[in-house]
Amino acid sequence: MLRTLTILLSWALALAGHAQRIGVVLSGGGAAALSHIGVLKALEENNIPVDYITGSSMGALVGAMYASGISPAQMDSLFQTDKYRLMAYGGVESDFTYYFKQDRPDASMLTLGLNVDTTLQLSLPTNLRSPVLIDFEQMRTFAGPAAAAGYNFDSLMVPFRCIASDITARKEVVYGQGNLAIAVRASMSYPFYFKPILVDGHLMMDGGMYNNFPADVMYDAFMPDYIIGSNVAYNAAPPSEDDLMGQLKAIMVQPTQYVLPCDPGVIIEPKTAVTLFDFSNAKQAIADGYAATMARMPQILAGVQRRRSSDALAAARRKFLRKCPPLVFGDIRFTGLTKGQATYCDRLVNKQNEPLTAGQLKPRYFRLYADNNISGLFPKATYAPDRGNFNLDVLVKRERKLEVQFGGLVSSRPVNTGMLSARYNIFGRTSSTLEGSAYFGKFYTSGQLRWRTDLSSRRPVFLEPAIVFNRWDYFSGFNSFFQEVRPSYIIQRELWGGLNAGLAMGNKGLLRMDGKYAQSKDSYYQDSNFGARDTADATAFSYATAGLSVERNSLNRKQQPNSGELIRLGVRYIGGQENTTPGSRAENREDVTARHDWVVLKATLDKYFLPRGLFKFGIMAEGTYSTQPFFANYTGTLLQAPVFQPTPESRTYFLEKYRATQYLAGGMRLIMAVARNKFDLRLEGYVFQPYKALEREPGNLAGEGSAISTRNFLASGSLIYQSPLGPVWFNTSYLDGLHTPWVWSLNFGYAIFAQKARE
C-alpha cells in the first residue's frame with residue numbers, strides 16, 4: 001500500500017510541473033550487451049536525459065562508465081581497440097609483457113597446479129581468462145570518479161546501481177556505495193570466464209545469476225517517472241543431457257523477469273548477431289543497439305517530454321570530471337602475503353618509495369604479475385584526502401607451489417617426442433623455482449634440472465644453476481612414418497652443467513651471461529654405406545664455454561610467431577679437448593687427441609610487419625662468424641659447426657648443407673592470418689650462404705671450398721591452427737641436401753628442445 005501511494009505521489013508531482021526524471025536499465029548479456037552503448041548514443045543524439053542508471057554484468061560496466069562521465073562516443077572508440085579485446089580475452093598488452101620473467105621456451109602445452117598438503121590434490125583452473133588487465137584498467141577508470149563521488153554512487157555524474165550475486169550467502173547484492181571498480185568487477189564475474197572476487201569475506205559472481213535486468217532495483221532506488229530498458233538477455237531454454245554449460249547455467253542462474261515494474265516506460269531489445277563471448281565484434285553490437293533505439297524513438301519522444309541539450313550534457317560531464325582527482329599513488333601495499341613476500345613485491349614495484357602515476361605504475365605492476373610465483377593481482381584504489389593522492393592495496397594471489405606440465409610433439413614422421421615437467425615454486429624475499437623436466441622419444445631424449453632465483457635488486461637479476469643431458473638420434477628412414485627405420489647413422493649426446501644469469505634491460509630487453517662445463521660425444525658414420533657389423537666413428541669433446549648476449553624479444557609465440565621482433569647479438573668462447581676414435585670403416589684407425597679453442601660471434605634478426613592486417617610478412621637474417629678449427633674428420637667437424645635452422649621442421653633433420661663456420665643466411669615469410677589469428681597460412685623462403693663451405697677431402701678429412709662458391713635454399717609452406725593446447729600444422733618443405741629434398745609432415749605440438757651447452 002505504501003509503495004502504491006508513493007507511486008501515485010510521484011505521478012502527481014510530475015503532473016504538477018516537476019521535472020520528469022528518466023531511468024535507464026541495462027541488462028547483462030556478455031558481448032551482446034555492448035549494444036547498450038548504441039542505445040545511450042541514440043538517446044543523447046535525441047536529447048533524452050538520463051537521470052539514473054542501473055545495470056547487471058556487462059550492463060553494469062557500460063552503466064558505470066556512463067555514470068562516471070564517459071560518453072557513448074568515447075566508449076564506442078574504446079571497445080573497438082586492440083587493448084579492449086585483450087582485456088576481454090584475458091591477455092596482456094605486448095608493451096607490458098615482461099621478457100625477463102618469461103621461461104625459456106619449451107614444448108609444454110598444458111599446465112596443472114597441485115596443492116601441496118598431506119596429499120597431492122589436483123587444482124583445476126576456475127576461469128578461462130585472466131582478469132589481471134581488466135582489473136587494472138577498471139581500477140584506473142573508476143578510481144577518480146568514485147573519489148569525486150565520495151564513494152556514494154548517488155553522487156556520480158549519473159546516480160548508479162549495479163547488481164552482483166553473493167554465492168556465499170546465495171543472494172542478490174545491490175551496490176550503491178563503496179569502491180566502484182570492485183562493484184563493477186563483482187557484477188561482471190561471469191561463471192568460468194572471469195574468476196569471482198572476495199568482498200568482505202563473501203564470494204561475488206555475475207549479477208545476472210540472480211537479476212539480469214535490474215528494473216526493480218531502478219524503481220526501488222530512484223522511483224523515476226519513465227524507464228527505458230535495454231535488454232539483450234533472455235531466459236535460456238532447458239538444457240539437453242549433453243549440454244554441460246547449459247546444465248551448469250541452469251543450476252546457477254535464476255530466471256529473470258524482463259519486464260518493467262510499472263508504466264510508463266519502454267524496453268528496447270536489440271537483435272544482434274554478436275554472441276556471448278564475441279568481444280571482437282563490438283562495432284556491430286553498438287550499431288545494432290543504435291538502430292533498435294532509433295526504431296523506438298517516436299515512442300520514447302512521445303513519453304519523455306523533458307529534453308537535455310548536448311551543450312548542457314557536455315557541461316555536466318566537464319563539471320564532474322574536474323572533480324576527479326588525478327590518479328597518483330602515494331602508498332602501495334601488498335596483501336595476501338607473508339612479510340618477506342610483501343617486501344619482495346614492494347622492491348619490484350615501488351623501488352624509490354615515491355608517488356607513482358598510473359602510467360609509471362603499470363609496467364612495474366605487470367612485471368610483478370609475470371613472476372612465476374604469482375598467479376594473479378587485484379588492485380583497490382582508495383583516495384586519501386589528507387595527502388591528495390590514492391592508497392593502492394594489491395591483493396596478491398600466489399601461484400600453486402607445485403606445477404606439472406605436459407607437452408611434446410606428435411608427428412606423422414618418426415620424431416614423436418613427449419615432454420613432462422614438474423616445478424616447485426619457492427617464494428620469500430626472493431622468488432625461486434626448482435624445475436625438473438624430461439623429453440622422451442626415439443629422435444630426442446633429454447633430462448634437465450634447474451634452479452632459478454630472481455633477486456629484487458634495483459635492476460632485476462636472475463641466477464640459474466642447471467645441469468642438462470641431451471641426446472639426438474638421426475636415424476635412417478626419416479622421410480615417412482610408415483618407412484622401415486634403418487640403424488642410426490648419427491647420434492649426438494651432451495651433458496653440461498653451469499650457471500645462467502640474466503639482467504633485465506627494460507620490458508623487452510635482456511642481457512644474458514653463462515658459464516658451463518660440457519662433455520659431448522658424437523657417434524657417426526661418414527656415409528650411408530655401412531652394415532650391421534660396422535662400428536661408428538666417435539668424437540668426444542670435453543670443454544668449457546662462456547657466453548654473453550644482448551637481445552630484445554617481443555615475438556607473440558614461442559613457435560611460428562606472426563608479430564613482434566627478435567634482435568640478438570652474442571659472443572661465445574669454447575675451449576677443450578677432442579678425443580676421436582675411428583670406426584671400423586676408417587682408413588686411419590689411430591685415435592686423435594687435440595686441443596681446440598675458438599670464438600663464435602652471432603647476430604639474429606627476426607621481425608614481423610603489419611600486425612593488425614589479414615596479410616603479414618616477416619624477414620629473418622642470421623650471420624655467424626666462428627674461428628672453429630677442423631676436428632679429426634669431416635663429419636666430426638660438421639657436427640661442431642654452427643647450423644641454420646629457421647623453421648620447426650628443419651630442427652628435426654640433420655642438415656649437412658646448412659652448417660658452416662662462417663655464413664650469412666636470411667629470407668622472407670608471407671602469412672595470411674584469419675579467424676582472430678587462429679589460422680595461419682605461412683609461406684617461407686631462405687638462402688644460406690656460407691663464406692667457405694665445409695667439404696669432404698680424401699680420407700674423410702675436413703676441408704673448405706672457395707669463398708662464396710656455393711649456396712643452398714630452403715622453402716616451407718604450412719597451414720597452422722593455433723589450438724588452445726598448441727599448434728596443429730601441416731607442412732611441406734624443400735631442404736637442400738636431403739636424399740628426397742621435398743618432405744611433408746602433419747604435426748601437433750612444439751619442435752622445441754632443452755637448452756644446449758652453447759646456448
# chains A, B, ... in the order shown; residues from 1 in each chain; ligands from 1
>>> residues_around(residues="His596 in chain A", least_positions_apart="4", cutoff="12 Å", atoms="only C-alpha atoms", output="ChimeraX atom specification")
/A:541-545,573-579,627-632,637,640
>>> select_by_dssp(residues="range 386-612 of chain A", states="strand (DSSP E or B)", output="ChimeraX atom specification")
/A:389-398,402-411,417-427,431-440,444-455,461-475,488-505,509-524,537-553,565-581,592-609
>>> atom_distance(atom1="CA of Glu137 in chain A", atom2="CA of Tyr151 in chain A")
18.3 Å
>>> residues_around(residues="range 54-61 of chain A", least_positions_apart="4", cutoff="8 Å", atoms="only C-alpha atoms", output="VMD selection string")
chain A and resid 23 to 31 33 to 34 36 65 160 to 164 184 187 to 190 206 to 208 211 to 215 217 to 218
>>> closest_residue(among="A:Leu356, A:Leu133, A:Ala143, A:Leu614", to="Met672 in chain A", atoms="only C-alpha atoms")
A:Leu614
>>> residues_around(residues="range 406-408 of chain A", least_positions_apart="6", cutoff="7 Å", atoms="only C-alpha atoms", output="ChimeraX atom specification")
/A:107-111,417-421,749-750
>>> select_by_dssp(residues="range 496-655 of chain A", states="alpha helix (DSSP H)", output="NGL selection string")
:A and (634-640)
>>> write_last_selection(atoms="C-alpha atoms", output="PDB file, in the first residue's frame")
ATOM      1  CA  TYR A 634      84.773 -34.150 -41.922  1.00  0.00           C
ATOM      2  CA  THR A 635      81.637 -35.305 -40.064  1.00  0.00           C
ATOM      3  CA  GLY A 636      83.171 -34.591 -36.655  1.00  0.00           C
ATOM      4  CA  THR A 637      83.940 -31.047 -37.803  1.00  0.00           C
ATOM      5  CA  LEU A 638      80.450 -30.649 -39.256  1.00  0.00           C
ATOM      6  CA  LEU A 639      78.763 -31.697 -36.019  1.00  0.00           C
ATOM      7  CA  GLN A 640      80.620 -28.985 -34.082  1.00  0.00           C
TER       8      GLN A 640
END
>>> residues_around(residues="Val461 in chain A", least_positions_apart="2", cutoff="8 Å", atoms="only C-alpha atoms", output="ChimeraX atom specification")
/A:454-457,459,463,501-504
>>> write_last_selection(atoms="N, CA and C atoms", output="short mmCIF file (atom, residue, chain, number, x, y, z; two decimals), in the first residue's frame")
data_model
loop_
_atom_site.label_atom_id
_atom_site.label_comp_id
_atom_site.auth_asym_id
_atom_site.auth_seq_id
_atom_site.Cartn_x
_atom_site.Cartn_y
_atom_site.Cartn_z
N ASP A 454 65.20 -15.16 -8.74
CA ASP A 454 65.08 -13.77 -9.17
C ASP A 454 65.31 -12.87 -7.96
N LEU A 455 66.29 -12.00 -8.08
CA LEU A 455 66.64 -11.10 -6.99
C LEU A 455 65.86 -9.80 -7.14
N SER A 456 65.41 -9.24 -6.02
CA SER A 456 64.69 -7.97 -6.07
C SER A 456 65.67 -6.81 -5.95
N SER A 457 66.66 -6.81 -6.82
CA SER A 457 67.66 -5.75 -6.82
C SER A 457 67.15 -4.55 -7.60
N ARG A 459 68.11 -3.26 -10.36
CA ARG A 459 67.86 -3.74 -11.71
C ARG A 459 67.69 -5.25 -11.62
N LEU A 463 69.65 -15.66 -11.35
CA LEU A 463 70.75 -16.62 -11.34
C LEU A 463 70.14 -18.01 -11.49
N ALA A 501 72.78 -16.60 -16.15
CA ALA A 501 72.43 -15.38 -15.42
C ALA A 501 71.84 -14.39 -16.41
N GLY A 502 70.99 -13.51 -15.90
CA GLY A 502 70.36 -12.52 -16.77
C GLY A 502 70.15 -11.21 -16.05
N LEU A 503 70.20 -10.13 -16.81
CA LEU A 503 70.00 -8.77 -16.31
C LEU A 503 68.94 -8.10 -17.17
N ALA A 504 67.85 -7.64 -16.55
CA ALA A 504 66.76 -7.02 -17.30
C ALA A 504 67.21 -5.70 -17.92
#
>>> atom_distance(atom1="CA of Gly703 in chain A", atom2="CA of Thr661 in chain A")
11.5 Å
>>> closest_residue(among="A:Thr141, A:Ser71, A:Ser35, A:Thr652", to="Arg413 in chain A", atoms="only C-alpha atoms")
A:Thr652
>>> closest_atom_pairs(of="range 68-170 of chain A", to="range 384-394 of chain A", cutoff="12 Å", atoms="only C-alpha atoms", output="Markdown table")
| residue | atom | partner | partner_atom | distance |
| --- | --- | --- | --- | --- |
| A:Val132 | CA | A:Val394 | CA | 11.3 |
| A:Asp135 | CA | A:Val394 | CA | 10.8 |
| A:Phe136 | CA | A:Val394 | CA | 10.1 |
| A:Met139 | CA | A:Leu392 | CA | 9.8 |
| A:Arg140 | CA | A:Leu392 | CA | 10.9 |
| A:Ala143 | CA | A:Phe390 | CA | 8.6 |
| A:Gly144 | CA | A:Phe390 | CA | 9.3 |
| A:Ala146 | CA | A:Phe390 | CA | 11.6 |
| A:Ala147 | CA | A:Ala384 | CA | 9.1 |
| A:Ala148 | CA | A:Pro385 | CA | 10.7 |
| A:Gly150 | CA | A:Pro385 | CA | 10.4 |
>>> closest_residue(among="A:Asn712, A:Asn588, A:Asn529, A:Thr293", to="Ser230 in chain A", atoms="only C-alpha atoms")
A:Thr293
>>> residues_around(residues="Gly336 in chain A", least_positions_apart="4", cutoff="10 Å", atoms="only C-alpha atoms", output="PDB file with N, CA, C and O atoms, in the first residue's frame")
ATOM      1  N   GLN A 341      57.513 -11.921   1.494  1.00  0.00           N
ATOM      2  CA  GLN A 341      56.952 -11.866   0.146  1.00  0.00           C
ATOM      3  C   GLN A 341      56.492 -10.453  -0.204  1.00  0.00           C
ATOM      4  O   GLN A 341      56.703  -9.974  -1.327  1.00  0.00           O
ATOM      5  N   ALA A 342      55.859  -9.776   0.765  1.00  0.00           N
ATOM      6  CA  ALA A 342      55.418  -8.398   0.522  1.00  0.00           C
ATOM      7  C   ALA A 342      56.627  -7.487   0.284  1.00  0.00           C
ATOM      8  O   ALA A 342      56.556  -6.568  -0.548  1.00  0.00           O
ATOM      9  N   VAL A 394      47.041  -3.972  -3.162  1.00  0.00           N
ATOM     10  CA  VAL A 394      47.087  -5.003  -4.191  1.00  0.00           C
ATOM     11  C   VAL A 394      47.005  -6.366  -3.515  1.00  0.00           C
ATOM     12  O   VAL A 394      47.897  -6.749  -2.751  1.00  0.00           O
ATOM     13  N   LEU A 395      45.916  -7.079  -3.778  1.00  0.00           N
ATOM     14  CA  LEU A 395      45.778  -8.444  -3.285  1.00  0.00           C
ATOM     15  C   LEU A 395      46.556  -9.360  -4.229  1.00  0.00           C
ATOM     16  O   LEU A 395      46.276  -9.422  -5.423  1.00  0.00           O
ATOM     17  N   VAL A 396      47.548 -10.047  -3.695  1.00  0.00           N
ATOM     18  CA  VAL A 396      48.417 -10.915  -4.497  1.00  0.00           C
ATOM     19  C   VAL A 396      47.996 -12.359  -4.294  1.00  0.00           C
ATOM     20  O   VAL A 396      47.938 -12.846  -3.163  1.00  0.00           O
ATOM     21  N   LYS A 397      47.698 -13.013  -5.399  1.00  0.00           N
ATOM     22  CA  LYS A 397      47.351 -14.435  -5.358  1.00  0.00           C
ATOM     23  C   LYS A 397      48.585 -15.237  -5.713  1.00  0.00           C
ATOM     24  O   LYS A 397      49.133 -15.103  -6.807  1.00  0.00           O
ATOM     25  N   ARG A 398      49.050 -16.066  -4.784  1.00  0.00           N
ATOM     26  CA  ARG A 398      50.246 -16.878  -5.010  1.00  0.00           C
ATOM     27  C   ARG A 398      49.961 -17.990  -6.008  1.00  0.00           C
ATOM     28  O   ARG A 398      48.882 -18.569  -6.028  1.00  0.00           O
TER      29      ARG A 398
END
>>> closest_residue(among="A:Leu735, A:Val92, A:Ala233, A:Leu495", to="Thr647 in chain A", atoms="only C-alpha atoms")
A:Leu735
